[in-house]
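Okay, target.pdb now, which holds PDB, C-alpha atoms and all ligand atoms:
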```
ATOM      1  CA  MET A  17      62.387  67.303 117.228
ATOM      2  CA  PRO A  18      59.498  68.560 115.020
ATOM      3  CA  ARG A  19      62.075  69.082 112.248
ATOM      4  CA  LYS A  20      63.197  65.469 112.518
ATOM      5  CA  LEU A  21      59.582  64.416 112.405
ATOM      6  CA  ALA A  22      58.947  66.460 109.285
ATOM      7  CA  VAL A  23      61.960  64.905 107.556
ATOM      8  CA  ALA A  24      60.741  61.432 108.503
ATOM      9  CA  ALA A  25      57.256  62.235 107.199
ATOM     10  CA  LEU A  26      58.680  63.566 103.941
ATOM     11  CA  LEU A  27      60.800  60.465 103.517
ATOM     12  CA  PHE A  28      57.771  58.293 104.131
ATOM     13  CA  VAL A  29      55.684  60.191 101.597
ATOM     14  CA  SER A  30      58.370  60.011  98.929
ATOM     15  CA  ILE A  31      58.865  56.290  99.507
ATOM     16  CA  ALA A  32      55.089  55.798  99.226
ATOM     17  CA  LEU A  33      54.974  57.868  96.024
ATOM     18  CA  PHE A  34      57.961  56.092  94.580
ATOM     19  CA  SER A  35      56.534  52.634  95.171
ATOM     20  CA  THR A  36      53.209  53.664  93.606
ATOM     21  CA  ALA A  37      54.989  55.081  90.583
ATOM     22  CA  SER A  38      57.092  51.963  90.062
ATOM     23  CA  ALA A  39      54.025  49.734  90.508
ATOM     24  CA  ARG A  40      52.242  51.760  87.825
ATOM     25  CA  GLN A  41      55.162  51.384  85.479
ATOM     26  CA  ASP A  42      55.152  47.648  86.121
ATOM     27  CA  MET A  43      51.494  47.528  85.143
ATOM     28  CA  ALA A  44      52.205  49.113  81.767
ATOM     29  CA  PRO A  45      52.213  46.734  78.829
ATOM     30  CA  ALA A  46      55.663  45.698  77.640
ATOM     31  CA  GLN A  47      55.444  47.459  74.267
ATOM     32  CA  GLN A  48      54.428  50.851  75.744
ATOM     33  CA  PRO A  49      57.196  53.425  75.932
ATOM     34  CA  ALA A  50      57.955  54.914  79.347
ATOM     35  CA  PRO A  51      55.748  57.931  80.117
ATOM     36  CA  LYS A  52      57.192  61.330  79.192
ATOM     37  CA  PRO A  53      57.959  63.619  82.133
ATOM     38  CA  GLY A  54      54.745  65.236  83.335
ATOM     39  CA  GLN A  55      52.585  62.654  81.627
ATOM     40  CA  SER A  56      50.617  60.475  84.010
ATOM     41  CA  ALA A  57      51.638  56.838  83.906
ATOM     42  CA  GLN A  58      48.140  55.945  85.087
ATOM     43  CA  ARG A  59      46.683  56.873  81.687
ATOM     44  CA  GLN A  60      48.482  53.983  80.042
ATOM     45  CA  PRO A  61      46.142  51.110  79.275
ATOM     46  CA  MET A  62      46.566  48.056  81.500
ATOM     47  CA  PRO A  63      46.904  44.728  79.777
ATOM     48  CA  LYS A  64      43.702  42.700  80.074
ATOM     49  CA  PRO A  65      44.194  39.767  82.461
ATOM     50  CA  THR A  66      44.435  36.424  80.677
ATOM     51  CA  ASN A  67      45.136  33.997  83.518
ATOM     52  CA  LEU A  68      42.771  34.708  86.417
ATOM     53  CA  GLN A  69      41.849  31.458  88.160
ATOM     54  CA  VAL A  70      40.474  32.543  91.528
ATOM     55  CA  LEU A  71      39.656  36.251  91.212
ATOM     56  CA  PRO A  72      36.524  37.071  89.181
ATOM     57  CA  LYS A  73      37.444  36.911  85.487
ATOM     58  CA  ASN A  74      35.453  40.105  84.809
ATOM     59  CA  ILE A  75      37.082  42.066  87.655
ATOM     60  CA  PRO A  76      37.421  45.737  86.644
ATOM     61  CA  VAL A  77      41.064  46.611  85.980
ATOM     62  CA  ALA A  78      41.000  49.305  88.694
ATOM     63  CA  ASP A  79      39.857  46.711  91.252
ATOM     64  CA  LEU A  80      42.534  44.235  90.140
ATOM     65  CA  THR A  81      45.175  46.935  90.526
ATOM     66  CA  ALA A  82      43.855  47.886  93.964
ATOM     67  CA  THR A  83      43.804  44.219  95.019
ATOM     68  CA  MET A  84      47.419  43.734  93.904
ATOM     69  CA  ARG A  85      48.568  46.910  95.665
ATOM     70  CA  GLY A  86      46.769  45.634  98.755
ATOM     71  CA  PHE A  87      48.797  42.407  98.583
ATOM     72  CA  THR A  88      52.094  44.290  98.420
ATOM     73  CA  LYS A  89      51.138  46.374 101.475
ATOM     74  CA  ALA A  90      49.771  43.440 103.497
ATOM     75  CA  LEU A  91      52.905  41.360 102.890
ATOM     76  CA  GLY A  92      55.486  44.165 102.760
ATOM     77  CA  VAL A  93      56.724  43.048  99.340
ATOM     78  CA  GLU A  94      57.017  44.269  95.739
ATOM     79  CA  CYS A  95      55.010  42.912  92.799
ATOM     80  CA  GLN A  96      57.862  40.601  91.789
ATOM     81  CA  PHE A  97      57.618  38.699  95.067
ATOM     82  CA  CYS A  98      54.772  36.805  93.334
ATOM     83  CA  HIS A  99      55.344  37.689  89.668
ATOM     84  CA  THR A 100      58.247  36.628  87.457
ATOM     85  CA  ARG A 101      60.220  38.902  85.200
ATOM     86  CA  ASP A 102      61.145  38.044  81.656
ATOM     87  CA  PRO A 103      64.928  37.466  81.937
ATOM     88  CA  GLN A 104      65.492  38.950  78.440
ATOM     89  CA  THR A 105      63.487  42.161  78.699
ATOM     90  CA  ASN A 106      63.422  42.356  82.517
ATOM     91  CA  LYS A 107      59.716  43.253  82.211
ATOM     92  CA  PRO A 108      57.259  41.621  84.606
ATOM     93  CA  ASN A 109      55.128  38.823  83.208
ATOM     94  CA  PHE A 110      52.003  38.998  85.338
ATOM     95  CA  ALA A 111      50.159  36.169  83.565
ATOM     96  CA  SER A 112      52.993  33.684  84.120
ATOM     97  CA  ASP A 113      52.630  31.090  86.888
ATOM     98  CA  ALA A 114      56.390  30.391  87.080
ATOM     99  CA  ASN A 115      56.753  31.984  90.523
ATOM    100  CA  PRO A 116      55.580  29.480  93.196
ATOM    101  CA  ASP A 117      54.541  32.336  95.502
ATOM    102  CA  LYS A 118      51.824  33.241  93.003
ATOM    103  CA  GLY A 119      50.382  29.753  93.462
ATOM    104  CA  ILE A 120      50.555  30.092  97.246
ATOM    105  CA  ALA A 121      48.814  33.468  96.954
ATOM    106  CA  ARG A 122      45.966  31.826  94.979
ATOM    107  CA  THR A 123      45.437  29.347  97.828
ATOM    108  CA  MET A 124      45.529  32.271 100.289
ATOM    109  CA  ILE A 125      42.923  34.232  98.295
ATOM    110  CA  VAL A 126      40.532  31.256  98.363
ATOM    111  CA  MET A 127      41.278  30.579 102.054
ATOM    112  CA  THR A 128      40.658  34.212 103.048
ATOM    113  CA  LYS A 129      37.385  34.337 101.099
ATOM    114  CA  GLU A 130      36.245  31.123 102.739
ATOM    115  CA  ILE A 131      37.105  32.283 106.275
ATOM    116  CA  ASN A 132      34.847  35.287 105.676
ATOM    117  CA  SER A 133      31.991  33.691 103.759
ATOM    118  CA  LYS A 134      31.852  30.303 105.445
ATOM    119  CA  TYR A 135      32.815  31.020 109.031
ATOM    120  CA  LEU A 136      32.749  34.685 110.041
ATOM    121  CA  SER A 137      29.363  35.117 108.384
ATOM    122  CA  GLN A 138      28.022  32.515 110.849
ATOM    123  CA  VAL A 139      29.205  34.401 113.919
ATOM    124  CA  LYS A 140      26.354  36.363 115.448
ATOM    125  CA  ASP A 141      28.177  38.939 117.518
ATOM    126  CA  PRO A 142      26.388  42.272 118.003
ATOM    127  CA  ASP A 143      29.698  43.902 119.053
ATOM    128  CA  ALA A 144      31.417  43.177 115.735
ATOM    129  CA  THR A 145      31.559  45.918 113.115
ATOM    130  CA  PRO A 146      31.726  44.848 109.451
ATOM    131  CA  ALA A 147      35.501  45.495 109.601
ATOM    132  CA  ASP A 148      35.778  43.221 112.642
ATOM    133  CA  LYS A 149      34.056  40.492 110.660
ATOM    134  CA  THR A 150      36.460  40.661 107.743
ATOM    135  CA  VAL A 151      39.744  38.792 107.635
ATOM    136  CA  THR A 152      42.182  40.243 105.109
ATOM    137  CA  CYS A 153      45.714  39.244 104.086
ATOM    138  CA  GLY A 154      46.921  41.861 106.543
ATOM    139  CA  THR A 155      45.063  40.290 109.485
ATOM    140  CA  CYS A 156      47.623  37.484 109.516
ATOM    141  CA  HIS A 157      50.561  38.900 107.565
ATOM    142  CA  ARG A 158      50.804  42.389 109.135
ATOM    143  CA  GLY A 159      53.399  43.553 106.658
ATOM    144  CA  ASN A 160      55.436  40.321 106.605
ATOM    145  CA  SER A 161      55.631  37.862 103.718
ATOM    146  CA  MET A 162      55.699  35.089 106.306
ATOM    147  CA  PRO A 163      53.352  35.718 109.237
ATOM    148  CA  MET A 164      55.242  36.304 112.490
ATOM    149  CA  PRO A 165      54.761  33.768 115.239
ATOM    150  CA  PHE A 166      52.760  35.242 118.104
ATOM    151  CA  SER A 167      54.626  35.559 121.382
ATOM    152  CA  PRO A 168      52.415  36.545 124.274
ATOM    153  CA  VAL A 169      53.662  39.431 126.395
ATOM    154  CA  ALA A 170      54.764  38.055 129.781
ATOM    155  CA  GLY A 171      52.019  38.350 132.349
ATOM    156  CA  MET A 172      49.382  39.328 129.790
ATOM    157  CA  GLY A 173      45.960  37.999 130.629
ATOM    158  CA  GLU A 174      46.877  37.423 134.266
ATOM    159  CA  HIS A 175      46.481  41.049 135.400
ATOM    160  CA  ALA A 176      42.833  40.778 136.306
ATOM    161  CA  ASP A 177      43.518  37.958 138.746
ATOM    162  CA  HIS A 178      46.638  39.561 140.240
ATOM    163  CA  ASP A 179      45.155  43.028 140.609
ATOM    164  CA  HIS A 180      41.949  41.815 142.193
ATOM    165  CA  PRO A 181      42.665  38.515 143.839
ATOM    166  CA  GLY A 182      39.464  36.707 144.510
ATOM    167  CA  ALA A 183      37.373  39.116 142.416
ATOM    168  CA  PRO A 184      35.315  37.221 139.870
ATOM    169  CA  THR A 185      36.177  38.007 136.251
ATOM    170  CA  PRO A 186      33.056  38.311 134.086
ATOM    171  CA  ASP A 187      34.386  35.839 131.508
ATOM    172  CA  LYS A 188      35.146  33.135 134.055
ATOM    173  CA  LYS A 189      32.506  30.594 134.923
ATOM    174  CA  PRO A 190      32.429  29.474 138.550
ATOM    175  CA  GLN A 191      34.316  26.211 138.954
TER     176      GLN A 191
HETATM  177  C1  LIG B 201      51.182  38.051  97.176
HETATM  178  C2  LIG B 201      51.341  37.749  95.764
HETATM  179  C3  LIG B 201      51.101  38.842  94.744
HETATM  180  C4  LIG B 201      51.640  40.110  94.712
HETATM  181  C5  LIG B 201      52.580  40.756  95.709
HETATM  182  C6  LIG B 201      51.159  40.718  93.500
HETATM  183  N1  LIG B 201      50.362  39.842  92.817
HETATM  184 FE1  LIG B 201      49.516  40.157  90.993
HETATM  185  N2  LIG B 201      48.641  38.326  91.075
HETATM  186  C7  LIG B 201      48.778  37.423  92.112
HETATM  187  C8  LIG B 201      47.938  36.272  91.854
HETATM  188  C9  LIG B 201      47.766  35.051  92.751
HETATM  189  C10 LIG B 201      47.323  36.496  90.602
HETATM  190  C11 LIG B 201      46.363  35.544  89.883
HETATM  191  C12 LIG B 201      44.973  35.653  90.485
HETATM  192  C13 LIG B 201      44.022  34.612  89.912
HETATM  193  O1  LIG B 201      44.459  33.556  89.457
HETATM  194  O2  LIG B 201      42.779  34.869  89.922
HETATM  195  C14 LIG B 201      47.800  37.792  90.136
HETATM  196  C15 LIG B 201      47.435  38.371  88.921
HETATM  197  C16 LIG B 201      47.891  39.587  88.463
HETATM  198  C17 LIG B 201      47.563  40.164  87.178
HETATM  199  C18 LIG B 201      46.716  39.507  86.082
HETATM  200  C19 LIG B 201      47.640  38.699  85.163
HETATM  201  C20 LIG B 201      46.878  37.945  84.079
HETATM  202  O3  LIG B 201      47.083  38.258  82.892
HETATM  203  O4  LIG B 201      46.100  37.038  84.433
HETATM  204  C21 LIG B 201      48.189  41.378  87.100
HETATM  205  C22 LIG B 201      48.166  42.358  85.934
HETATM  206  C23 LIG B 201      48.901  41.559  88.344
HETATM  207  N3  LIG B 201      48.697  40.447  89.142
HETATM  208  C24 LIG B 201      49.650  42.670  88.650
HETATM  209  C25 LIG B 201      50.307  42.862  89.858
HETATM  210  C26 LIG B 201      51.014  44.075  90.201
HETATM  211  C27 LIG B 201      51.179  45.282  89.310
HETATM  212  C28 LIG B 201      51.498  43.900  91.460
HETATM  213  C29 LIG B 201      52.258  44.905  92.313
HETATM  214  C30 LIG B 201      51.534  46.162  92.556
HETATM  215  C31 LIG B 201      51.119  42.564  91.890
HETATM  216  N4  LIG B 201      50.392  41.978  90.900
HETATM  217  C32 LIG B 201      51.456  42.025  93.101
HETATM  218  C33 LIG B 201      49.581  37.570  93.220
HETATM  219  C34 LIG B 201      50.290  38.696  93.548
HETATM  220  C1  LIG B 202      44.562  33.140 108.469
HETATM  221  C2  LIG B 202      45.881  33.718 108.307
HETATM  222  C3  LIG B 202      46.302  34.098 106.885
HETATM  223  C4  LIG B 202      45.635  34.888 106.002
HETATM  224  C5  LIG B 202      44.289  35.562 106.152
HETATM  225  C6  LIG B 202      46.508  34.998 104.835
HETATM  226  N1  LIG B 202      47.638  34.283 105.025
HETATM  227 FE1  LIG B 202      49.177  34.064 103.687
HETATM  228  N2  LIG B 202      50.125  32.828 104.987
HETATM  229  C7  LIG B 202      49.656  32.429 106.213
HETATM  230  C8  LIG B 202      50.548  31.463 106.790
HETATM  231  C9  LIG B 202      50.390  30.785 108.137
HETATM  232  C10 LIG B 202      51.596  31.268 105.851
HETATM  233  C11 LIG B 202      52.782  30.304 105.921
HETATM  234  C12 LIG B 202      52.327  29.037 105.277
HETATM  235  C13 LIG B 202      53.423  28.262 104.622
HETATM  236  O1  LIG B 202      54.358  28.860 104.097
HETATM  237  O2  LIG B 202      53.310  27.022 104.575
HETATM  238  C14 LIG B 202      51.292  32.160 104.730
HETATM  239  C15 LIG B 202      52.097  32.266 103.614
HETATM  240  C16 LIG B 202      51.818  33.081 102.527
HETATM  241  C17 LIG B 202      52.693  33.236 101.374
HETATM  242  C18 LIG B 202      54.057  32.563 101.199
HETATM  243  C19 LIG B 202      55.094  33.467 101.843
HETATM  244  C20 LIG B 202      56.502  32.981 101.708
HETATM  245  O3  LIG B 202      57.429  33.724 102.115
HETATM  246  O4  LIG B 202      56.727  31.880 101.171
HETATM  247  C21 LIG B 202      52.080  34.111 100.523
HETATM  248  C22 LIG B 202      52.593  34.591  99.185
HETATM  249  C23 LIG B 202      50.834  34.508 101.144
HETATM  250  N3  LIG B 202      50.708  33.865 102.354
HETATM  251  C24 LIG B 202      49.928  35.391 100.604
HETATM  252  C25 LIG B 202      48.717  35.743 101.190
HETATM  253  C26 LIG B 202      47.737  36.615 100.576
HETATM  254  C27 LIG B 202      47.881  37.291  99.225
HETATM  255  C28 LIG B 202      46.677  36.699 101.442
HETATM  256  C29 LIG B 202      45.350  37.424 101.261
HETATM  257  C30 LIG B 202      44.600  37.047 100.083
HETATM  258  C31 LIG B 202      47.004  35.889 102.607
HETATM  259  N4  LIG B 202      48.248  35.334 102.416
HETATM  260  C32 LIG B 202      46.177  35.719 103.700
HETATM  261  C33 LIG B 202      48.515  32.906 106.842
HETATM  262  C34 LIG B 202      47.552  33.711 106.270
END
```

Could I get this structure in the form of structure tokens?
Ligand code: HEC
Ligand code: HEC
Amino acid sequence: MPRKLAVAALLFVSIALFSTASARQDMAPAQQPAPKPGQSAQRQPMPKPTNLQVLPKNIPVADLTATMRGFTKALGVECQFCHTRDPQTNKPNFASDANPDKGIARTMIVMTKEINSKYLSQVKDPDATPADKTVTCGTCHRGNSMPMPFSPVAGMGEHADHDHPGAPTPDKKPQ
């Protein structure tokens, strides 16, 4: 049992490492040669963004990279889910808007920002931690490119009444 667990953990770690490595390679400019073994791919200069329309134009490259990695994790996808590849070179073209999912993602970025700045900022709830007050892509997507429809667990929300028939629930106002 612990052995199985260790194997699973190792597999997970190598998958995580592999996806990071391939993302880094994708970030490398087209004319850069592949990194030599032992040489860190992260040292390669990132191309300066040329087509930012909703993210801050002066966003530090490290923050842009972190944001993009966050998208892949929140939606359970690879970079090319939103970015096209040049059919000739097979290199990603991050500045291109040819992939419609990139356009959808722009709308989502603006929507998410607005939920936080316009609405959640208005909610005065002493129980809420800053994390509670922040909607992210993952809040809705939870690792799926298309958010899953919510199906309530049968009986959920009715326990209080069934377990204590007649007992007043604090949230319920008297009829
Ligand atoms: C869910 C969709 C989505 C995913 C997945 C995604 N991106 Fe992006 N990316 C975008 C959007 C949208 C923009 C443009 C943002 C804007 O207009 O401000 C962008 C912009 C960029 C840019 C700037 C391009 C330019 O020149 O303007 C780079 C570089 C980039 N992404 C790299 C990546 C990498 C690398 C990954 C994978 C780790 C990735 N992206 C994953 C949606 C995505
Ligand atoms: C409030 C919930 C919510 C949040 C937050 C949210 N999304 Fe979405 N997203 C949706 C819903 C609902 C859809 C389906 C809408 C549709 O396709 O018409 C969707 C669809 C998408 C799609 C299209 C998926 C497909 O398979 O066609 C992309 C890409 C996407 N979202 C990216 C993002 C990114 C990136 C973020 C964070 C910046 C984000 N979303 C935040 C609810 C959300």

### Message
Env of Gly92 of chain A: 8 Å cut, atoms = all atoms listed in the file, seq-sep filter 5 positions within chain, self excluded. Answer as a VMD selection string.
### Response
chain A and resid 159 to 161

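The set of residues that the PyMOL selection byres (((chain A and resi 117) around 8) and not hetatm) takes from this file is Phe97, Cys98, His99, Asn115, Pro116, Lys118, Gly119, Ile120 and Ala121 of chain A.
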
### Residues matched by the PyMOL selection byres (((not hetatm)) within 6 of (chain B and resi 201)), written as number ranges by chain
A: 39, 42-43, 65-71, 84-85, 87-88, 93-95, 97-98, 110-111, 118-119, 121-122

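Counting all atoms listed in the file and comparing A:Asp143, A:Lys89, A:Thr128, A:Ala114, the residue that lies closest to Arg101 of chain A is A:Ala114.
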
### Query
Which distance in Å separates atom N1 of ligand LIG 202 (chain B) and atom CA of Tyr135 of chain A, to one decimal?
15.7 Å

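Pairwise distance (atom CA of Cys153 of chain A, atom CA of Asn74 of chain A) equals 21.9 Å.
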
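Between atom CA of Met162 of chain A and atom O1 of ligand LIG 202 (chain B) there is a distance of 6.7 Å.
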
Report as lines of an AutoDock Vina configuration file the centre and the edge lengths, in Å to one decimal, of the axis-aligned box holding every listed atom of ligand LIG 202 (chain B), padded by 4 Å on each side.
```
center_x = 50.9
center_y = 32.2
center_z = 103.8
size_x = 21.1
size_y = 18.4
size_z = 17.3
```

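Distance check against ligand LIG 202 (chain B) using all atoms listed in the file: of A:Pro103, A:Pro72, A:Pro108, A:Pro165, the minimum falls on A:Pro165.
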
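Each of A:Ser167, A:Asn106, A:Thr152, A:Thr100 was compared to ligand LIG 202 (chain B) using all atoms listed in the file, and A:Thr152 turns out to be the nearest.
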
### Task
Would you mind telling me which residue in A:Ala82, A:Leu91, A:Ala147, A:Val139 lies nearest to ligand LIG 202 (chain B) when using all atoms listed in the file?
A:Leu91

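Among the candidate residues A:Leu80, A:Ala170, A:Met164, A:Ile75, the one lying nearest to ligand LIG 202 (chain B) is A:Met164, with distances computed using all atoms listed in the file.
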